[in-house]
Amino acid sequence: MKKKITIGIFIDTFFPMADGVIMVVHNYAKRLIKYANVVVFAPGYSGVEYDDSVFPYKVVRCYSLKTFFWDYSLPIPKLDRKFKKILDNYKLDIVHINSPFTLGKEGVRYAKKHHIPCVATMHSQYKQDFMRAVKVERIANILNHNAIKVFDKCDQCFAVNSEVARIYYEDYHCKKLPLVLNNATEMELVKDIKLANNYINQKYNIKSSDVVFLFVGRINTLKNIFFIVDSLKLLKELKPKLKFKMLFVGTGQDEERLKDKINDLDMNNEIIMCGKVTDRNLLAYYYSRANLMLFPSVYDASSIVQIEAASQKTPTVFLENTATSATITNNVNGYLSKYSVKDYANKIIEILDNKKLYKEVCENAYRDLYVNWDTVIDNVYSMYIDMIMSKK
C-alpha cells in the first residue's frame, strides 16, 4: 500500500503500570511506526502523572477507576466523552485489541462501526483471574464466557503459544482455533558478561561463587511466588553447603506478604527483594548473572521474562503441563518439574549437579527460545496489510 495505514492498538493496562502485556504492546507500537501511524488507546490513572510524549507513537488515555479486586484500574470509556470523541475522529485502518474488557470492547465497537478488520491477542488465562476475584466457579465461568464473546467478534485471534490456543478453543470454547503468534523481546545478549556479573555482585553483596536464582515479574500470588520460597527453604535443608541468592525483581500487591514469609522461614540471608528495574540494559544484567530463572507459574500463558532469560542464555525451571512451558523440552532448552515443593527443590539440585547438561541447556535456550521483536513485527505488519486488503 502506498499510503501509510493507521493502526489502533487497544489495551486495558498501560504505563506507568508494568507487566508482560504492556511490554508486548509497547514493542509492537514502537516498531510498527516504521511502517504505519500507530495510536495506543489506554487507561489513564487518576493522581498519577505520566509524560506520554516519551513514546515515539501516539497515546490516547481513557478515564479509569481503581479496582479493589486486583492491582489495576478499570478504564471506563462510556464515562469519558472526550475519549470517545477523539477515538471516533480517528480514521483507523485496523484494530488490534489486547484484552476482552472495556477498551477491548471499544476497539471491537469501532471496527464494526467502520467496517475495518479487528484482531486480538490472547495473552492470559482469564478464568484464573476471575476465580481469584470472585471465588465462585459459576460466576467465573459466566465472566469468562463474556470475555470469549468479545474475542469471537474479532476477525482473527492470536494465542501466544500452541497450548494457549488449545485452552481457548477446547476449554474456553472459542468459535475458531486461534493462530499462534509467539512473543519476543528486544533484549540482546550482554556483550560484557564480566561487567554485568560484577554489577549485580557488588549491588547485592553476592560472591562470584554463589549460585543465583532469579524471578522477574509482578509480586503476586498468581505467579506462585510463595512456592518458590518454600522450594528454596527445602533446598537449603537438603543442600546446607550450597551458597545461593534468590533475587525477586518486580513489585506488586503481595510484596508485604512475601517479605513476611521470607522472614518467617528465616530466608532473609538468601532472598533479596530488588524492587522494580525499569532500565532494560540493567535488567539484562540480572538475567546474565542468574544461573537459573525460577518461574513455577500456573497462571501465565507465555511470559516475556522467559524469553528475556533465554536472551542471556539463562534457562528457566517451569512446572510440568503449564501453558507457559509449552515451548520447553525438559533437559533440552529448559527444565520441567512436577508440581510439588519437594520435586522442584530436587530438580534444582539435579540441574546444579549436572554441569555438562546445564551448559548445553543454556545454549539451547538461546537457540530455541530467543526471538527478537523485529522479526515478529515484520510478519505482523504483512498480516495487517493482507487483512485490510481482504476486508476491502
# chains A, B, ... in the order shown; residues from 1 in each chain; ligands from 1

call {"tool": "closest_atom_pairs", "arguments": {"of": "segment 231-342 of chain A", "to": "segment 118-127 of chain A", "cutoff": "9 Å", "atoms": "only C-alpha atoms", "output": "Markdown table"}}
result
| residue | atom | partner | partner_atom | distance |
| --- | --- | --- | --- | --- |
| A:Tyr299 | CA | A:Gln125 | CA | 6.7 |
| A:Asp300 | CA | A:Ser124 | CA | 6.3 |
| A:Ala301 | CA | A:Ser124 | CA | 5.3 |
| A:Ser302 | CA | A:His123 | CA | 7.4 |
| A:Ser303 | CA | A:His123 | CA | 8.8 |
| A:Ala323 | CA | A:Gln125 | CA | 8.9 |

call {"tool": "residues_around", "arguments": {"residues": "segment 221-225 of chain A", "least_positions_apart": "4", "cutoff": "10 Å", "atoms": "only C-alpha atoms", "output": "list in words"}}
result
Gln128, Asp129, Arg132, Phe215, Val216, Gly217, Val229, Asp230, Phe248, Gly252, Gln253, Asp254, Glu255, Arg257, Leu258, Leu294, Phe295, Pro296, Ser297, Val298, Tyr299 and Asp300 of chain A

call {"tool": "closest_residue", "arguments": {"among": "A:Ile348, A:Val25, A:Leu181, A:Val317", "to": "Val380 of chain A", "atoms": "only C-alpha atoms"}}
result
A:Leu181

call {"tool": "atom_distance", "arguments": {"atom1": "atom CA of Ser340 of chain A", "atom2": "atom CA of Glu237 of chain A"}}
result
15.9 Å

call {"tool": "atom_distance", "arguments": {"atom1": "atom CA of Ser288 of chain A", "atom2": "atom CA of Gln312 of chain A"}}
result
5.2 Å

call {"tool": "select_by_dssp", "arguments": {"residues": "segment 202-365 of chain A", "states": "helix (DSSP H, G or I)", "output": "PyMOL selection string"}}
result
chain A and resi 202-204+221-223+225-238+255-264+280-289+304-311+323-325+341-353+355-365

call {"tool": "atom_distance", "arguments": {"atom1": "atom CA of Thr185 of chain A", "atom2": "atom CA of Tyr370 of chain A"}}
result
7.6 Å

call {"tool": "closest_residue", "arguments": {"among": "A:Lys391, A:Arg280, A:Lys207, A:His26", "to": "Ala111 of chain A", "atoms": "only C-alpha atoms"}}
result
A:Lys391

call {"tool": "select_by_dssp", "arguments": {"residues": "segment 98-302 of chain A", "states": "strand (DSSP E or B)", "output": "MDAnalysis selection string"}}
result
chainID A and resid 118:122 124 156:159 179:180 185 211:216 244:249 271:275 292:294 300

call {"tool": "residues_around", "arguments": {"residues": "Asn333 of chain A", "least_positions_apart": "5", "cutoff": "6 Å", "atoms": "only C-alpha atoms", "output": "compact mmCIF listing (two decimals) with N, CA, C and O atoms, in the first residue's frame"}}
result
# COMPACT_ATOMS: atom_id res chain seq x y z
N VAL A 361 21.95 -26.93 27.90
CA VAL A 361 20.62 -26.33 28.01
C VAL A 361 20.69 -24.82 27.89
O VAL A 361 19.82 -24.19 27.26
N ASN A 364 21.00 -24.08 24.23
CA ASN A 364 19.76 -24.44 23.52
C ASN A 364 18.62 -23.48 23.82
O ASN A 364 17.77 -23.21 22.95
N ALA A 365 18.58 -22.96 25.05
CA ALA A 365 17.56 -21.97 25.40
C ALA A 365 17.71 -20.74 24.51
O ALA A 365 16.74 -20.20 23.98

call {"tool": "residues_around", "arguments": {"residues": "segment 57-65 of chain A", "least_positions_apart": "3", "cutoff": "9 Å", "atoms": "only C-alpha atoms", "output": "ChimeraX atom specification"}}
result
/A:29-30,33,37-46,52-54,72-77,79-80,82-84,86-87,103

call {"tool": "write_last_selection", "arguments": {"atoms": "N, CA, C and O atoms", "output": "short mmCIF file (atom, residue, chain, number, x, y, z; two decimals), in the first residue's frame"}}
result
data_model
loop_
_atom_site.label_atom_id
_atom_site.label_comp_id
_atom_site.auth_asym_id
_atom_site.auth_seq_id
_atom_site.Cartn_x
_atom_site.Cartn_y
_atom_site.Cartn_z
N ALA A 29 4.12 -1.30 19.12
CA ALA A 29 3.87 0.07 18.68
C ALA A 29 5.15 0.76 18.22
O ALA A 29 5.16 1.41 17.16
N LYS A 30 6.23 0.63 18.98
CA LYS A 30 7.44 1.38 18.63
C LYS A 30 8.13 0.82 17.39
O LYS A 30 8.93 1.53 16.77
N ILE A 33 5.78 1.80 13.93
CA ILE A 33 5.83 3.17 13.41
C ILE A 33 6.81 3.30 12.24
O ILE A 33 6.81 4.31 11.54
N ASN A 37 1.19 4.72 10.94
CA ASN A 37 0.81 5.58 12.06
C ASN A 37 0.22 4.67 13.14
O ASN A 37 -0.61 3.81 12.84
N VAL A 38 0.67 4.83 14.37
CA VAL A 38 0.23 3.94 15.45
C VAL A 38 -0.35 4.77 16.59
O VAL A 38 0.27 5.74 17.05
N VAL A 39 -1.55 4.37 17.04
CA VAL A 39 -2.20 5.01 18.18
C VAL A 39 -2.52 3.93 19.21
O VAL A 39 -3.17 2.94 18.89
N VAL A 40 -2.03 4.12 20.44
CA VAL A 40 -2.34 3.19 21.53
C VAL A 40 -3.43 3.82 22.40
O VAL A 40 -3.26 4.93 22.92
N PHE A 41 -4.55 3.14 22.52
CA PHE A 41 -5.66 3.58 23.36
C PHE A 41 -5.57 2.84 24.68
O PHE A 41 -5.67 1.61 24.72
N ALA A 42 -5.37 3.60 25.77
CA ALA A 42 -5.02 3.00 27.05
C ALA A 42 -5.66 3.78 28.20
O ALA A 42 -6.12 4.91 28.02
N PRO A 43 -5.68 3.17 29.40
CA PRO A 43 -6.26 3.88 30.55
C PRO A 43 -5.35 4.97 31.08
O PRO A 43 -4.13 4.87 31.01
N GLY A 44 -5.97 6.03 31.60
CA GLY A 44 -5.25 6.99 32.40
C GLY A 44 -5.39 6.60 33.86
O GLY A 44 -6.26 5.81 34.21
N TYR A 45 -4.55 7.15 34.72
CA TYR A 45 -4.58 6.80 36.13
C TYR A 45 -4.69 8.06 36.96
O TYR A 45 -3.81 8.92 36.90
N SER A 46 -5.79 8.20 37.69
CA SER A 46 -6.02 9.41 38.47
C SER A 46 -4.94 9.57 39.54
O SER A 46 -4.58 8.61 40.23
N ASP A 52 3.40 11.09 28.26
CA ASP A 52 3.27 10.22 27.09
C ASP A 52 4.09 10.70 25.90
O ASP A 52 4.22 9.98 24.90
N SER A 53 4.66 11.90 26.00
CA SER A 53 5.49 12.40 24.89
C SER A 53 6.80 11.63 24.77
O SER A 53 7.51 11.75 23.77
N VAL A 54 7.13 10.81 25.77
CA VAL A 54 8.35 10.00 25.70
C VAL A 54 8.21 8.87 24.69
O VAL A 54 9.22 8.30 24.25
N TYR A 72 -4.94 -3.30 39.32
CA TYR A 72 -5.06 -2.49 38.12
C TYR A 72 -6.28 -1.59 38.23
O TYR A 72 -7.16 -1.81 39.06
N SER A 73 -6.33 -0.58 37.36
CA SER A 73 -7.52 0.26 37.26
C SER A 73 -8.35 -0.19 36.07
O SER A 73 -7.82 -0.79 35.12
N LEU A 74 -9.64 0.10 36.12
CA LEU A 74 -10.56 -0.31 35.05
C LEU A 74 -10.93 0.90 34.21
O LEU A 74 -11.60 1.82 34.70
N PRO A 75 -10.51 0.95 32.95
CA PRO A 75 -10.92 2.06 32.08
C PRO A 75 -12.42 2.01 31.79
O PRO A 75 -12.98 0.93 31.58
N ILE A 76 -13.05 3.20 31.78
CA ILE A 76 -14.50 3.26 31.54
C ILE A 76 -14.75 4.27 30.43
O ILE A 76 -15.08 5.44 30.68
N PRO A 77 -14.64 3.83 29.18
CA PRO A 77 -14.81 4.77 28.06
C PRO A 77 -16.21 5.37 27.99
O PRO A 77 -16.39 6.49 27.49
N LEU A 79 -17.89 6.64 30.26
CA LEU A 79 -17.98 7.83 31.10
C LEU A 79 -17.00 8.92 30.66
O LEU A 79 -16.87 9.95 31.34
N ASP A 80 -16.32 8.69 29.54
CA ASP A 80 -15.30 9.64 29.07
C ASP A 80 -15.67 10.11 27.66
O ASP A 80 -15.23 9.54 26.65
N LYS A 82 -14.81 12.82 26.10
CA LYS A 82 -13.67 13.35 25.36
C LYS A 82 -12.91 12.22 24.66
O LYS A 82 -12.55 12.33 23.49
N PHE A 83 -12.69 11.12 25.40
CA PHE A 83 -12.01 9.96 24.81
C PHE A 83 -12.80 9.41 23.63
O PHE A 83 -12.23 9.12 22.56
N LYS A 84 -14.09 9.25 23.81
CA LYS A 84 -14.94 8.69 22.73
C LYS A 84 -14.90 9.59 21.49
O LYS A 84 -14.84 9.08 20.36
N ILE A 86 -12.44 11.68 20.59
CA ILE A 86 -11.11 11.57 19.96
C ILE A 86 -11.01 10.27 19.17
O ILE A 86 -10.54 10.26 18.03
N LEU A 87 -11.46 9.16 19.78
CA LEU A 87 -11.41 7.86 19.10
C LEU A 87 -12.21 7.89 17.81
O LEU A 87 -11.72 7.46 16.75
N LEU A 103 -11.78 -1.45 27.16
CA LEU A 103 -11.16 -0.84 25.98
C LEU A 103 -11.08 -1.83 24.83
O LEU A 103 -11.14 -1.43 23.66
#

call {"tool": "closest_residue", "arguments": {"among": "A:Met293, A:Ile116, A:Ala345, A:Ile5", "to": "Leu238 of chain A", "atoms": "only C-alpha atoms"}}
result
A:Ala345

call {"tool": "residues_around", "arguments": {"residues": "Ile388 of chain A", "least_positions_apart": "2", "cutoff": "9 Å", "atoms": "only C-alpha atoms", "output": "list of chain:residue names"}}
result
A:Asp93, A:Ile94, A:Ile116, A:Pro117, A:Met383, A:Tyr384, A:Ile385, A:Asp386, A:Ser390, A:Lys391, A:Lys392

call {"tool": "write_last_selection", "arguments": {"atoms": "all heavy atoms", "output": "PDB file, in the first residue's frame"}}
result
ATOM      1  N   ASP A  93      -7.318   2.051  10.177  1.00  0.00           N
ATOM      2  CA  ASP A  93      -7.429   1.051   9.114  1.00  0.00           C
ATOM      3  C   ASP A  93      -7.544  -0.366   9.670  1.00  0.00           C
ATOM      4  O   ASP A  93      -8.040  -1.263   8.989  1.00  0.00           O
ATOM      5  CB  ASP A  93      -6.206   1.132   8.192  1.00  0.00           C
ATOM      6  CG  ASP A  93      -6.152   2.442   7.434  1.00  0.00           C
ATOM      7  OD1 ASP A  93      -7.001   2.625   6.549  1.00  0.00           O
ATOM      8  OD2 ASP A  93      -5.282   3.276   7.741  1.00  0.00           O
ATOM      9  N   ILE A  94      -7.073  -0.562  10.913  1.00  0.00           N
ATOM     10  CA  ILE A  94      -7.168  -1.868  11.546  1.00  0.00           C
ATOM     11  C   ILE A  94      -7.114  -1.664  13.057  1.00  0.00           C
ATOM     12  O   ILE A  94      -6.478  -0.732  13.549  1.00  0.00           O
ATOM     13  CB  ILE A  94      -6.051  -2.835  11.075  1.00  0.00           C
ATOM     14  CG1 ILE A  94      -6.309  -4.259  11.579  1.00  0.00           C
ATOM     15  CG2 ILE A  94      -4.673  -2.336  11.486  1.00  0.00           C
ATOM     16  CD1 ILE A  94      -5.428  -5.314  10.897  1.00  0.00           C
ATOM     17  N   ILE A 116     -13.792  -2.205   9.446  1.00  0.00           N
ATOM     18  CA  ILE A 116     -12.357  -2.478   9.280  1.00  0.00           C
ATOM     19  C   ILE A 116     -12.003  -3.748  10.051  1.00  0.00           C
ATOM     20  O   ILE A 116     -12.756  -4.184  10.931  1.00  0.00           O
ATOM     21  CB  ILE A 116     -11.485  -1.293   9.770  1.00  0.00           C
ATOM     22  CG1 ILE A 116     -11.698  -1.051  11.271  1.00  0.00           C
ATOM     23  CG2 ILE A 116     -11.783  -0.039   8.960  1.00  0.00           C
ATOM     24  CD1 ILE A 116     -10.722  -0.060  11.870  1.00  0.00           C
ATOM     25  N   PRO A 117     -10.882  -4.368   9.736  1.00  0.00           N
ATOM     26  CA  PRO A 117     -10.516  -5.612  10.423  1.00  0.00           C
ATOM     27  C   PRO A 117     -10.217  -5.381  11.907  1.00  0.00           C
ATOM     28  O   PRO A 117      -9.702  -4.326  12.291  1.00  0.00           O
ATOM     29  CB  PRO A 117      -9.259  -6.087   9.693  1.00  0.00           C
ATOM     30  CG  PRO A 117      -9.138  -5.259   8.473  1.00  0.00           C
ATOM     31  CD  PRO A 117      -9.901  -4.003   8.704  1.00  0.00           C
ATOM     32  N   MET A 383       0.709  -9.228   7.849  1.00  0.00           N
ATOM     33  CA  MET A 383      -0.603  -9.776   8.145  1.00  0.00           C
ATOM     34  C   MET A 383      -1.665  -8.676   8.174  1.00  0.00           C
ATOM     35  O   MET A 383      -2.769  -8.837   7.642  1.00  0.00           O
ATOM     36  CB  MET A 383      -0.556 -10.495   9.487  1.00  0.00           C
ATOM     37  CG  MET A 383      -1.903 -10.964  10.002  1.00  0.00           C
ATOM     38  SD  MET A 383      -1.871 -11.243  11.785  1.00  0.00           S
ATOM     39  CE  MET A 383      -1.828  -9.548  12.396  1.00  0.00           C
ATOM     40  N   TYR A 384      -1.331  -7.537   8.787  1.00  0.00           N
ATOM     41  CA  TYR A 384      -2.273  -6.410   8.818  1.00  0.00           C
ATOM     42  C   TYR A 384      -2.673  -5.993   7.402  1.00  0.00           C
ATOM     43  O   TYR A 384      -3.850  -5.783   7.109  1.00  0.00           O
ATOM     44  CB  TYR A 384      -1.616  -5.204   9.502  1.00  0.00           C
ATOM     45  CG  TYR A 384      -1.490  -5.268  11.009  1.00  0.00           C
ATOM     46  CD1 TYR A 384      -0.624  -4.402  11.675  1.00  0.00           C
ATOM     47  CD2 TYR A 384      -2.236  -6.143  11.789  1.00  0.00           C
ATOM     48  CE1 TYR A 384      -0.481  -4.420  13.062  1.00  0.00           C
ATOM     49  CE2 TYR A 384      -2.113  -6.174  13.168  1.00  0.00           C
ATOM     50  CZ  TYR A 384      -1.225  -5.302  13.803  1.00  0.00           C
ATOM     51  OH  TYR A 384      -1.097  -5.313  15.148  1.00  0.00           O
ATOM     52  N   ILE A 385      -1.674  -5.842   6.536  1.00  0.00           N
ATOM     53  CA  ILE A 385      -1.939  -5.404   5.155  1.00  0.00           C
ATOM     54  C   ILE A 385      -2.845  -6.395   4.441  1.00  0.00           C
ATOM     55  O   ILE A 385      -3.826  -6.004   3.764  1.00  0.00           O
ATOM     56  CB  ILE A 385      -0.626  -5.206   4.377  1.00  0.00           C
ATOM     57  CG1 ILE A 385       0.215  -4.076   4.991  1.00  0.00           C
ATOM     58  CG2 ILE A 385      -0.905  -4.952   2.904  1.00  0.00           C
ATOM     59  CD1 ILE A 385      -0.472  -2.720   4.963  1.00  0.00           C
ATOM     60  N   ASP A 386      -2.572  -7.681   4.595  1.00  0.00           N
ATOM     61  CA  ASP A 386      -3.393  -8.710   3.961  1.00  0.00           C
ATOM     62  C   ASP A 386      -4.849  -8.625   4.439  1.00  0.00           C
ATOM     63  O   ASP A 386      -5.791  -8.745   3.644  1.00  0.00           O
ATOM     64  CB  ASP A 386      -2.834 -10.113   4.256  1.00  0.00           C
ATOM     65  CG  ASP A 386      -1.534 -10.368   3.512  1.00  0.00           C
ATOM     66  OD1 ASP A 386      -1.243  -9.625   2.569  1.00  0.00           O
ATOM     67  OD2 ASP A 386      -0.827 -11.325   3.899  1.00  0.00           O
ATOM     68  N   SER A 390      -8.091  -7.639   2.214  1.00  0.00           N
ATOM     69  CA  SER A 390      -9.150  -8.649   2.144  1.00  0.00           C
ATOM     70  C   SER A 390     -10.490  -8.046   2.552  1.00  0.00           C
ATOM     71  O   SER A 390     -11.534  -8.326   1.945  1.00  0.00           O
ATOM     72  CB  SER A 390      -8.805  -9.824   3.045  1.00  0.00           C
ATOM     73  OG  SER A 390      -9.830 -10.775   3.064  1.00  0.00           O
ATOM     74  N   LYS A 391     -10.482  -7.214   3.563  1.00  0.00           N
ATOM     75  CA  LYS A 391     -11.726  -6.583   4.065  1.00  0.00           C
ATOM     76  C   LYS A 391     -12.301  -5.640   3.026  1.00  0.00           C
ATOM     77  O   LYS A 391     -13.521  -5.536   2.867  1.00  0.00           O
ATOM     78  CB  LYS A 391     -11.422  -5.825   5.348  1.00  0.00           C
ATOM     79  CG  LYS A 391     -12.654  -5.463   6.175  1.00  0.00           C
ATOM     80  CD  LYS A 391     -13.123  -6.638   7.007  1.00  0.00           C
ATOM     81  CE  LYS A 391     -14.216  -6.215   7.979  1.00  0.00           C
ATOM     82  NZ  LYS A 391     -14.670  -7.335   8.830  1.00  0.00           N
ATOM     83  N   LYS A 392     -11.394  -4.952   2.306  1.00  0.00           N
ATOM     84  CA  LYS A 392     -11.863  -4.026   1.273  1.00  0.00           C
ATOM     85  C   LYS A 392     -12.505  -4.764   0.119  1.00  0.00           C
ATOM     86  O   LYS A 392     -13.411  -4.261  -0.528  1.00  0.00           O
ATOM     87  CB  LYS A 392     -10.703  -3.169   0.771  1.00  0.00           C
ATOM     88  CG  LYS A 392     -10.257  -2.095   1.769  1.00  0.00           C
ATOM     89  CD  LYS A 392      -9.156  -1.230   1.200  1.00  0.00           C
ATOM     90  CE  LYS A 392      -8.786  -0.110   2.178  1.00  0.00           C
ATOM     91  NZ  LYS A 392      -7.710   0.761   1.655  1.00  0.00           N
TER      92      LYS A 392
END

call {"tool": "closest_residue", "arguments": {"among": "A:Val180, A:Ala18, A:Ala309, A:Val376", "to": "Gln156 of chain A", "atoms": "only C-alpha atoms"}}
result
A:Val180
